[in-house]
$ cat coords.txt   # compact mmCIF, C-alpha atoms and all ligand atoms
# COMPACT_ATOMS: atom_id res chain seq x y z
CA MET S 1306 -3.01 -6.98 19.88
CA SER S 1307 -1.14 -3.84 19.01
CA ARG S 1308 -0.12 -3.24 15.43
CA THR S 1309 2.69 -0.84 14.55
CA PRO S 1310 1.29 2.15 12.61
CA PHE S 1311 2.48 2.28 9.03
CA ILE S 1312 2.63 5.39 6.88
CA ALA S 1313 3.60 4.95 3.25
CA GLY S 1314 4.02 7.55 0.55
CA ASN S 1315 3.21 6.55 -3.02
CA TRP S 1316 5.04 8.82 -5.40
CA LYS S 1317 3.32 7.29 -8.45
CA MET S 1318 5.05 8.48 -11.66
CA HIS S 1319 6.85 11.38 -10.02
CA LYS S 1320 10.53 12.17 -9.40
CA THR S 1321 13.68 11.60 -11.37
CA ILE S 1322 16.70 10.21 -9.54
CA ALA S 1323 17.91 13.74 -8.81
CA ALA S 1324 14.52 14.82 -7.46
CA ALA S 1325 14.27 11.65 -5.37
CA GLU S 1326 17.67 12.26 -3.79
CA ALA S 1327 16.77 15.87 -3.00
CA TYR S 1328 13.53 14.66 -1.41
CA VAL S 1329 15.28 12.14 0.83
CA ALA S 1330 17.81 14.77 1.88
CA GLY S 1331 14.87 16.96 2.90
CA LEU S 1332 12.86 14.21 4.58
CA LEU S 1333 15.42 12.44 6.76
CA PRO S 1334 16.04 15.38 9.11
CA LEU S 1335 12.26 15.62 9.63
CA VAL S 1336 11.53 11.96 10.40
CA GLY S 1337 14.95 10.71 11.53
CA ASP S 1338 13.91 10.31 15.17
CA VAL S 1339 10.57 8.63 14.47
CA ASP S 1340 10.11 5.61 16.63
CA GLY S 1341 7.21 3.18 16.76
CA ILE S 1342 5.86 4.06 13.31
CA ASP S 1343 6.88 2.21 10.16
CA LEU S 1344 7.58 4.52 7.22
CA ALA S 1345 7.92 3.64 3.56
CA LEU S 1346 8.27 5.36 0.23
CA CYS S 1347 6.88 3.68 -2.91
CA VAL S 1348 9.24 4.81 -5.60
CA PRO S 1349 9.42 4.53 -9.42
CA PHE S 1350 11.72 1.70 -10.55
CA THR S 1351 14.34 4.06 -11.92
CA ALA S 1352 14.85 5.83 -8.58
CA LEU S 1353 14.75 2.73 -6.34
CA GLN S 1354 18.50 2.24 -6.14
CA ALA S 1355 19.14 5.87 -5.31
CA VAL S 1356 16.45 5.93 -2.61
CA VAL S 1357 17.64 2.63 -1.10
CA ASP S 1358 21.16 4.06 -0.93
CA SER S 1359 20.17 7.44 0.47
CA THR S 1360 17.81 6.03 3.14
CA ARG S 1361 20.12 3.20 4.25
CA GLY S 1362 20.41 3.14 8.04
CA SER S 1363 17.29 5.29 8.48
CA SER S 1364 13.81 4.23 9.52
CA VAL S 1365 12.46 4.74 5.98
CA GLN S 1366 11.72 1.58 4.01
CA VAL S 1367 11.64 1.51 0.24
CA TYR S 1368 8.90 -0.12 -1.83
CA ALA S 1369 8.47 -0.59 -5.55
CA GLN S 1370 5.08 0.19 -7.11
CA ASN S 1371 4.55 -3.07 -9.01
CA MET S 1372 6.19 -6.44 -9.66
CA HIS S 1373 5.71 -9.36 -12.04
CA TRP S 1374 4.97 -12.79 -10.55
CA ALA S 1375 7.57 -14.70 -12.55
CA ASP S 1376 11.27 -14.80 -11.72
CA HIS S 1377 12.24 -14.06 -15.31
CA GLY S 1378 10.84 -14.65 -18.77
CA ALA S 1379 9.45 -13.10 -21.92
CA TYR S 1380 7.55 -10.27 -20.21
CA THR S 1381 8.72 -7.10 -21.94
CA GLY S 1382 8.63 -4.06 -19.69
CA GLU S 1383 8.14 -5.99 -16.46
CA ILE S 1384 10.29 -6.29 -13.31
CA SER S 1385 10.71 -9.43 -11.19
CA ALA S 1386 11.12 -9.99 -7.46
CA ALA S 1387 14.70 -11.10 -8.05
CA MET S 1388 15.43 -7.77 -9.74
CA LEU S 1389 13.91 -5.84 -6.83
CA ASN S 1390 15.76 -7.95 -4.29
CA GLU S 1391 19.04 -7.11 -5.94
CA LEU S 1392 18.32 -3.46 -5.13
CA ASP S 1393 17.58 -4.28 -1.46
CA VAL S 1394 14.06 -2.90 -1.58
CA HIS S 1395 11.82 -3.95 1.31
CA GLY S 1396 8.55 -4.52 -0.48
CA THR S 1397 6.21 -3.56 -3.26
CA LEU S 1398 2.75 -2.14 -3.85
CA LEU S 1399 0.53 -4.58 -5.71
CA GLY S 1400 -2.81 -3.96 -7.37
CA HIS S 1401 -2.96 -0.19 -7.03
CA SER S 1402 -6.24 1.00 -8.56
CA GLU S 1403 -4.31 2.93 -11.22
CA ARG S 1404 -2.66 -0.34 -12.30
CA ARG S 1405 -6.03 -2.05 -12.27
CA GLU S 1406 -7.96 0.70 -14.08
CA LEU S 1407 -5.37 1.99 -16.53
CA PHE S 1408 -3.10 -1.00 -17.14
CA GLY S 1409 -5.35 -4.04 -16.89
CA GLU S 1410 -4.04 -5.51 -13.62
CA THR S 1411 -6.32 -8.43 -12.70
CA ASP S 1412 -7.22 -10.19 -9.48
CA ARG S 1413 -5.95 -13.36 -11.13
CA ALA S 1414 -2.50 -11.82 -11.65
CA LEU S 1415 -2.48 -10.57 -8.07
CA GLN S 1416 -3.22 -14.09 -6.88
CA GLN S 1417 0.23 -14.97 -8.25
CA LYS S 1418 2.00 -11.73 -7.38
CA VAL S 1419 1.23 -11.62 -3.65
CA PRO S 1420 2.67 -15.07 -2.84
CA ALA S 1421 5.55 -14.50 -5.27
CA ALA S 1422 6.56 -11.36 -3.40
CA LEU S 1423 6.37 -13.14 -0.03
CA ALA S 1424 8.36 -16.11 -1.31
CA ALA S 1425 11.07 -13.72 -2.47
CA GLY S 1426 11.24 -11.96 0.90
CA LEU S 1427 9.47 -8.81 -0.26
CA LYS S 1428 6.58 -7.34 1.74
CA PRO S 1429 3.49 -6.97 -0.41
CA MET S 1430 1.13 -4.03 0.08
CA LEU S 1431 -2.07 -5.08 -1.65
CA CYS S 1432 -4.37 -2.23 -2.69
CA VAL S 1433 -8.14 -2.70 -2.89
CA GLY S 1434 -11.09 -0.34 -3.21
CA GLU S 1435 -14.37 0.40 -4.94
CA SER S 1436 -15.29 2.97 -7.56
CA GLU S 1437 -17.88 5.68 -6.99
CA GLU S 1438 -20.43 3.80 -9.10
CA GLU S 1439 -19.86 0.62 -7.09
CA ARG S 1440 -20.34 2.48 -3.79
CA GLU S 1441 -23.51 4.14 -5.05
CA ALA S 1442 -24.84 0.79 -6.23
CA GLY S 1443 -24.23 -0.70 -2.77
CA GLU S 1444 -21.50 -2.97 -4.13
CA THR S 1445 -18.58 -1.91 -1.95
CA GLU S 1446 -18.49 -5.09 0.11
CA ARG S 1447 -18.94 -7.35 -2.90
CA LYS S 1448 -15.98 -5.65 -4.62
CA LEU S 1449 -13.75 -5.79 -1.55
CA ARG S 1450 -14.64 -9.41 -0.88
CA HIS S 1451 -13.72 -10.37 -4.42
CA GLN S 1452 -10.45 -8.42 -4.43
CA VAL S 1453 -9.24 -9.61 -1.01
CA GLN S 1454 -10.28 -13.25 -1.40
CA GLU S 1455 -8.78 -13.59 -4.87
CA ALA S 1456 -5.49 -11.93 -3.99
CA LEU S 1457 -4.94 -13.85 -0.75
CA GLU S 1458 -6.17 -17.21 -1.99
CA LYS S 1459 -2.70 -18.70 -2.49
CA VAL S 1460 -0.92 -17.04 0.43
CA PRO S 1461 0.20 -19.59 3.04
CA VAL S 1462 -1.74 -18.87 6.25
CA ASP S 1463 1.44 -18.34 8.27
CA ARG S 1464 2.48 -15.57 5.84
CA LEU S 1465 -0.80 -13.62 5.96
CA PRO S 1466 0.45 -11.29 8.74
CA ASP S 1467 3.26 -10.17 6.40
CA VAL S 1468 0.76 -8.75 3.92
CA THR S 1469 -0.37 -5.14 4.31
CA ILE S 1470 -3.71 -4.23 2.76
CA ALA S 1471 -4.42 -0.65 1.71
CA TYR S 1472 -8.09 0.21 1.32
CA GLU S 1473 -8.24 3.02 -1.21
CA PRO S 1474 -11.70 4.01 -2.44
CA ILE S 1475 -11.12 5.09 -6.03
CA TRP S 1476 -13.42 8.09 -5.64
CA ALA S 1477 -11.17 9.46 -2.88
CA ILE S 1478 -7.88 9.17 -4.80
CA GLY S 1479 -6.48 12.49 -5.91
CA THR S 1480 -9.91 14.12 -5.55
CA GLY S 1481 -9.59 15.84 -2.19
CA LYS S 1482 -12.73 13.89 -1.28
CA VAL S 1483 -11.70 11.86 1.74
CA ALA S 1484 -13.86 9.01 3.04
CA THR S 1485 -15.69 9.88 6.23
CA PRO S 1486 -14.30 8.21 9.35
CA GLU S 1487 -17.41 5.99 9.38
CA GLN S 1488 -16.92 4.91 5.75
CA ALA S 1489 -13.18 4.31 6.23
CA GLN S 1490 -13.62 2.33 9.45
CA GLU S 1491 -16.46 0.27 8.03
CA ALA S 1492 -14.49 -0.71 4.92
CA CYS S 1493 -11.21 -1.38 6.76
CA GLY S 1494 -13.06 -3.43 9.38
CA PHE S 1495 -14.66 -5.39 6.57
CA VAL S 1496 -11.25 -6.01 4.97
CA ARG S 1497 -9.97 -7.32 8.30
CA ALA S 1498 -13.01 -9.57 8.63
CA LEU S 1499 -12.21 -10.97 5.18
CA VAL S 1500 -8.70 -11.84 6.37
CA ALA S 1501 -10.30 -13.49 9.42
CA GLY S 1502 -12.12 -15.71 6.94
CA PHE S 1503 -8.69 -17.16 6.13
CA ASP S 1504 -7.28 -17.06 9.65
CA GLU S 1505 -8.52 -15.22 12.73
CA ALA S 1506 -5.14 -14.76 14.36
CA ALA S 1507 -3.67 -13.37 11.14
CA ALA S 1508 -6.51 -10.87 10.91
CA GLU S 1509 -5.48 -9.43 14.27
CA GLN S 1510 -1.92 -8.97 13.01
CA VAL S 1511 -2.47 -7.82 9.44
CA ARG S 1512 -2.16 -4.09 8.93
CA VAL S 1513 -4.96 -2.36 7.07
CA LEU S 1514 -4.21 1.13 5.79
CA TYR S 1515 -6.53 3.80 4.44
CA GLY S 1516 -5.62 5.74 1.31
CA GLY S 1517 -7.37 8.51 -0.58
CA SER S 1518 -6.72 12.23 -0.06
CA VAL S 1519 -4.88 11.71 3.24
CA LYS S 1520 -3.47 15.05 4.42
CA PRO S 1521 -1.83 16.34 7.60
CA GLU S 1522 -5.27 17.68 8.62
CA ASN S 1523 -7.15 14.38 8.45
CA ALA S 1524 -4.48 11.74 9.15
CA ALA S 1525 -4.75 11.61 12.95
CA GLU S 1526 -8.53 11.19 12.95
CA LEU S 1527 -8.35 8.35 10.41
CA LEU S 1528 -5.53 6.54 12.17
CA ALA S 1529 -7.35 6.70 15.50
CA LEU S 1530 -10.04 4.39 14.11
CA PRO S 1531 -9.88 0.84 15.44
CA ASP S 1532 -9.27 -1.00 12.17
CA ILE S 1533 -7.05 1.60 10.48
CA ASP S 1534 -3.36 0.95 11.10
CA GLY S 1535 -1.89 3.54 8.79
CA ALA S 1536 -2.13 5.55 5.62
CA LEU S 1537 -1.11 5.22 2.00
CA VAL S 1538 -0.51 8.77 0.87
CA GLY S 1539 -0.31 9.98 -2.71
CA GLY S 1540 -0.22 13.71 -3.42
CA ALA S 1541 0.66 14.77 0.12
CA SER S 1542 3.71 12.50 0.09
CA LEU S 1543 5.38 14.36 -2.75
CA GLU S 1544 6.86 17.08 -0.54
CA PRO S 1545 8.97 16.13 2.50
CA ALA S 1546 7.25 18.76 4.66
CA SER S 1547 3.71 17.51 4.08
CA PHE S 1548 4.69 13.85 4.37
CA ALA S 1549 6.51 14.60 7.63
CA ALA S 1550 3.50 16.63 8.84
CA ILE S 1551 1.34 13.52 8.41
CA VAL S 1552 3.86 11.49 10.41
CA ASP S 1553 3.87 14.22 13.09
CA ALA S 1554 0.07 14.30 13.23
CA VAL S 1555 0.02 10.57 13.85
CA ARG S 1556 2.84 10.75 16.40
CA SER S 1557 1.18 13.32 18.61
P1 LIG D 1 -3.92 10.72 -2.98
O1 LIG D 1 -3.39 10.75 -1.58
O2 LIG D 1 -3.25 11.69 -3.89
O3 LIG D 1 -5.42 10.81 -2.99
O4 LIG D 1 -3.56 9.28 -3.59
C1 LIG D 1 -3.88 8.14 -2.88
C2 LIG D 1 -3.20 6.99 -3.52
O5 LIG D 1 -3.58 6.54 -4.59
C3 LIG D 1 -2.03 6.41 -2.83
O6 LIG D 1 -1.69 5.18 -3.39

$ encode --input "coords.txt" --output "structure tokens"
Amino acid sequence: MSRTPFIAGNWKMHKTIAAAEAYVAGLLPLVGDVDGIDLALCVPFTALQAVVDSTRGSSVQVYAQNMHWADHGAYTGEISAAMLNELDVHGTLLGHSERRELFGETDRALQQKVPAALAAGLKPMLCVGESEEEREAGETERKLRHQVQEALEKVPVDRLPDVTIAYEPIWAIGTGKVATPEQAQEACGFVRALVAGFDEAAAEQVRVLYGGSVKPENAAELLALPDIDGALVGGASLEPASFAAIVDAVRS
């Protein structure tokens, strides 16, 4: 079973519309001829329309960074799948550790968000990962099991292959401290095994990405691991040159 590599940049709370447009103008000449690798940018809500418009016809997909599970309602400050669909975005991050840690995102909410995104035709990228304390206490697998099982619980089995799961150990995010290849493979393999608990065929198709201090220097080694199908890149995705260098490292 071959899975198409997937490299996604998560801009987090960076870039105005003007900065986003300048970025895309810089990126497209660098990755325009990329074939056989899926690329995505996870963009702040305010710049989504501009990035959808400026990447149209290219190989770059556009993801939001969060989504509410309801279609509409009294949820001040939230954005629904219908609103994202109107902008023609391809998918959305869900459950990023910054949403979980700083903004109270729960596994229970994700249990509604993941199927809601799929039902609306948006591709969910579910983020999971343990903290440093959890790893040191030997609780990595317990945490991942809980996060993956809760979030996928209500996904119809035939839609599981449309979910991407990004394993991002919290201690590796923005720290420059990348997981060792052994740690990354072990955790991503475990995530895939958890999907196999729902459906074995889906587990072979589901893409599992690694995130946490991915750079041009370490991307190829991580993506060569058997259960790692791509990367979710934060800091190194903020400049077109370094994001394209990661794509190049994986290409070669
Ligand atoms: P960094 O690549 O900056 O460590 O961020 C990872 C991340 O959180 C991507 O979602």

$ residues_near_point --input "coords.txt" --point "(2.3, 12.2, -3.8)" --cutoff "7 Å" --atoms "all atoms listed in the file" --output "MDAnalysis selection string"
chainID S and resid 1314:1317 1538:1543

$ residues_around --input "coords.txt" --residues "stretch 1348-1354 of chain S" --least-positions-apart "3" --cutoff "6 Å" --atoms "only C-alpha atoms" --output "ChimeraX atom specification"
/S:1316,1322,1357,1369,1392

$ residues_around --input "coords.txt" --residues "S:Gly1535" --least-positions-apart "5" --cutoff "8 Å" --atoms "all atoms listed in the file" --output "list in words"
Pro1310, Phe1311, Ile1312, Ala1313, Arg1512, Val1513, Leu1514, Tyr1515 and Leu1528 of chain S

$ write_last_selection --input "coords.txt" --atoms "C-alpha atoms" --output "short mmCIF file (atom, residue, chain, number, x, y, z; two decimals), in the frame of the given file"
data_model
loop_
_atom_site.label_atom_id
_atom_site.label_comp_id
_atom_site.auth_asym_id
_atom_site.auth_seq_id
_atom_site.Cartn_x
_atom_site.Cartn_y
_atom_site.Cartn_z
CA PRO S 1310 1.29 2.15 12.61
CA PHE S 1311 2.48 2.28 9.03
CA ILE S 1312 2.63 5.39 6.88
CA ALA S 1313 3.60 4.95 3.25
CA ARG S 1512 -2.16 -4.09 8.93
CA VAL S 1513 -4.96 -2.36 7.07
CA LEU S 1514 -4.21 1.13 5.79
CA TYR S 1515 -6.53 3.80 4.44
CA LEU S 1528 -5.53 6.54 12.17
#

$ closest_atom_pairs --input "coords.txt" --of "chain S" --to "ligand LIG 1 (chain D)" --cutoff "7 Å" --atoms "all atoms listed in the file" --output "Markdown table"
| residue | atom | partner | partner_atom | distance |
| --- | --- | --- | --- | --- |
| S:Asn1315 | CA | D:LIG1 | O6 | 5.1 |
| S:His1401 | CA | D:LIG1 | O6 | 6.6 |
| S:Glu1473 | CA | D:LIG1 | O5 | 6.7 |
| S:Ala1477 | CA | D:LIG1 | O3 | 5.9 |
| S:Ile1478 | CA | D:LIG1 | O3 | 3.5 |
| S:Gly1479 | CA | D:LIG1 | O3 | 3.5 |
| S:Thr1480 | CA | D:LIG1 | O3 | 6.1 |
| S:Gly1481 | CA | D:LIG1 | O3 | 6.6 |
| S:Gly1516 | CA | D:LIG1 | C1 | 5.1 |
| S:Gly1517 | CA | D:LIG1 | O3 | 3.9 |
| S:Ser1518 | CA | D:LIG1 | O3 | 3.5 |
| S:Val1519 | CA | D:LIG1 | O1 | 5.1 |
| S:Leu1537 | CA | D:LIG1 | C3 | 5.1 |
| S:Val1538 | CA | D:LIG1 | O1 | 4.3 |
| S:Gly1539 | CA | D:LIG1 | O1 | 3.4 |
| S:Gly1540 | CA | D:LIG1 | O2 | 3.7 |
| S:Ala1541 | CA | D:LIG1 | O1 | 6.0 |

$ residues_around --input "coords.txt" --residues "S:Ala1386" --least-positions-apart "4" --cutoff "9 Å" --atoms "only C-alpha atoms" --output "list in words"
Met1372, His1373, Trp1374, Ala1375, Asp1376, His1377, Asn1390, Glu1391, Ala1421, Ala1422, Ala1425, Gly1426 and Leu1427 of chain S

$ closest_residue --input "coords.txt" --among "S:Thr1381, S:Ser1547, S:Thr1397, S:Thr1485" --to "S:Val1419" --atoms "all atoms listed in the file"
S:Thr1397

$ residues_around --input "coords.txt" --residues "S:Pro1486" --least-positions-apart "5" --cutoff "12 Å" --atoms "all atoms listed in the file" --output "VMD selection string"
chain S and resid 1491 to 1494 1515 1519 1523 to 1533

$ write_last_selection --input "coords.txt" --atoms "C-alpha atoms" --output "PDB file, in the coordinates of the input"
ATOM      1  CA  GLU S1491     -16.460   0.270   8.030  1.00  0.00           C
ATOM      2  CA  ALA S1492     -14.490  -0.710   4.920  1.00  0.00           C
ATOM      3  CA  CYS S1493     -11.210  -1.380   6.760  1.00  0.00           C
ATOM      4  CA  GLY S1494     -13.060  -3.430   9.380  1.00  0.00           C
ATOM      5  CA  TYR S1515      -6.530   3.800   4.440  1.00  0.00           C
ATOM      6  CA  VAL S1519      -4.880  11.710   3.240  1.00  0.00           C
ATOM      7  CA  ASN S1523      -7.150  14.380   8.450  1.00  0.00           C
ATOM      8  CA  ALA S1524      -4.480  11.740   9.150  1.00  0.00           C
ATOM      9  CA  ALA S1525      -4.750  11.610  12.950  1.00  0.00           C
ATOM     10  CA  GLU S1526      -8.530  11.190  12.950  1.00  0.00           C
ATOM     11  CA  LEU S1527      -8.350   8.350  10.410  1.00  0.00           C
ATOM     12  CA  LEU S1528      -5.530   6.540  12.170  1.00  0.00           C
ATOM     13  CA  ALA S1529      -7.350   6.700  15.500  1.00  0.00           C
ATOM     14  CA  LEU S1530     -10.040   4.390  14.110  1.00  0.00           C
ATOM     15  CA  PRO S1531      -9.880   0.840  15.440  1.00  0.00           C
ATOM     16  CA  ASP S1532      -9.270  -1.000  12.170  1.00  0.00           C
ATOM     17  CA  ILE S1533      -7.050   1.600  10.480  1.00  0.00           C
TER      18      ILE S1533
END

$ closest_residue --input "coords.txt" --among "S:Pro1466, S:Ala1536, S:Gln1452, S:Phe1495" --to "S:Phe1548" --atoms "only C-alpha atoms"
S:Ala1536

$ residues_around --input "coords.txt" --residues "S:Gly1502" --least-positions-apart "5" --cutoff "9 Å" --atoms "all atoms listed in the file" --output "list in words"
Gln1454, Arg1497 and Ala1508 of chain S

$ axis_aligned_box --input "coords.txt" --around "stretch 1524-1541 of chain S" --padding-each-side "5 Å" --output "AutoDock Vina command-line options"
--center_x -4.7 --center_y 6.9 --center_z 6.0 --size_x 20.7 --size_y 25.8 --size_z 28.9
